[in-house]
Amino acid sequence: MTEGTIILAVVFAAGIIGKNDLVAVAAGSMLLLQVTAFPGMFRFLQTSANELGITFLLIGLLLPYANGQMGLASIKSLFSTHGLVAVVIGAVGARLAAEGIQLLTAQPEIMVGIVLGSVLGVSFFGGIPAGPLVASGLAAVIFRYLR
């Protein structure tokens, strides 16, 4: 058993113990892929998983427009206090995600802490695993100030 397999098994167990299906399914899927050794899948996922994940997240966010639950009338909410705050925070979050990608590319060992923090947040604090890129970006900003 490789060290990576052990880590995946621990993450899988944390997902089960913490009653978080998303973490358990993600880690379980990686364990299953290791066992089946599907040729090229790890290479494909390594190059495309972030983009695919973000695409599916955006599909979920845009779904109310596609199925007619929301339309042009929702644009007026942009001009409220909450709407303006949402726009600013959305821009900051997008910038932090870009910083996170840069940090993870330059220092991939940071991923261990980000994954552990995400698993803890999801499994024990009611979070969702949508924040690793933003968390990495926030870490990058903090690291810059610590230098």
# chains A, B, ... in the order shown; residues from 1 in each chain; ligands from 1
call {"tool": "residues_around", "arguments": {"residues": "Gly117 (chain A)", "least_positions_apart": "2", "cutoff": "12 Å", "atoms": "only C-alpha atoms", "output": "NGL selection string"}}
result
:A and (11 or 14 or 110-115 or 119-125 or 127-129 or 131-133 or 135-136 or 139)
call {"tool": "residues_around", "arguments": {"residues": "Val25 (chain A)", "least_positions_apart": "4", "cutoff": "8 Å", "atoms": "only C-alpha atoms", "output": "PyMOL selection string"}}
result
chain A and resi 12+21+29
call {"tool": "write_last_selection", "arguments": {"atoms": "C-alpha atoms", "output": "PDB file, in the first residue's frame"}}
result
ATOM      1  CA  PHE A  12     -12.326   8.473   3.030  1.00  0.00           C
ATOM      2  CA  ASP A  21     -20.798  12.137   1.354  1.00  0.00           C
ATOM      3  CA  SER A  29     -13.403   7.430  -6.257  1.00  0.00           C
TER       4      SER A  29
END
call {"tool": "closest_residue", "arguments": {"among": "A:Ala73, A:Leu116, A:Ala66, A:Asn50", "to": "Gly100 (chain A)", "atoms": "only C-alpha atoms"}}
result
A:Asn50
call {"tool": "closest_residue", "arguments": {"among": "A:Ile75, A:Val141, A:Ile54, A:Leu32", "to": "Arg95 (chain A)", "atoms": "only C-alpha atoms"}}
result
A:Val141
call {"tool": "closest_residue", "arguments": {"among": "A:Val85, A:Leu78, A:Leu58, A:Leu138", "to": "Ala98 (chain A)", "atoms": "only C-alpha atoms"}}
result
A:Leu138
call {"tool": "atom_distance", "arguments": {"atom1": "CA of Phe56 (chain A)", "atom2": "CA of Thr5 (chain A)"}}
result
26.6 Å
call {"tool": "atom_distance", "arguments": {"atom1": "CA of Pro39 (chain A)", "atom2": "CA of Ser118 (chain A)"}}
result
28.6 Å
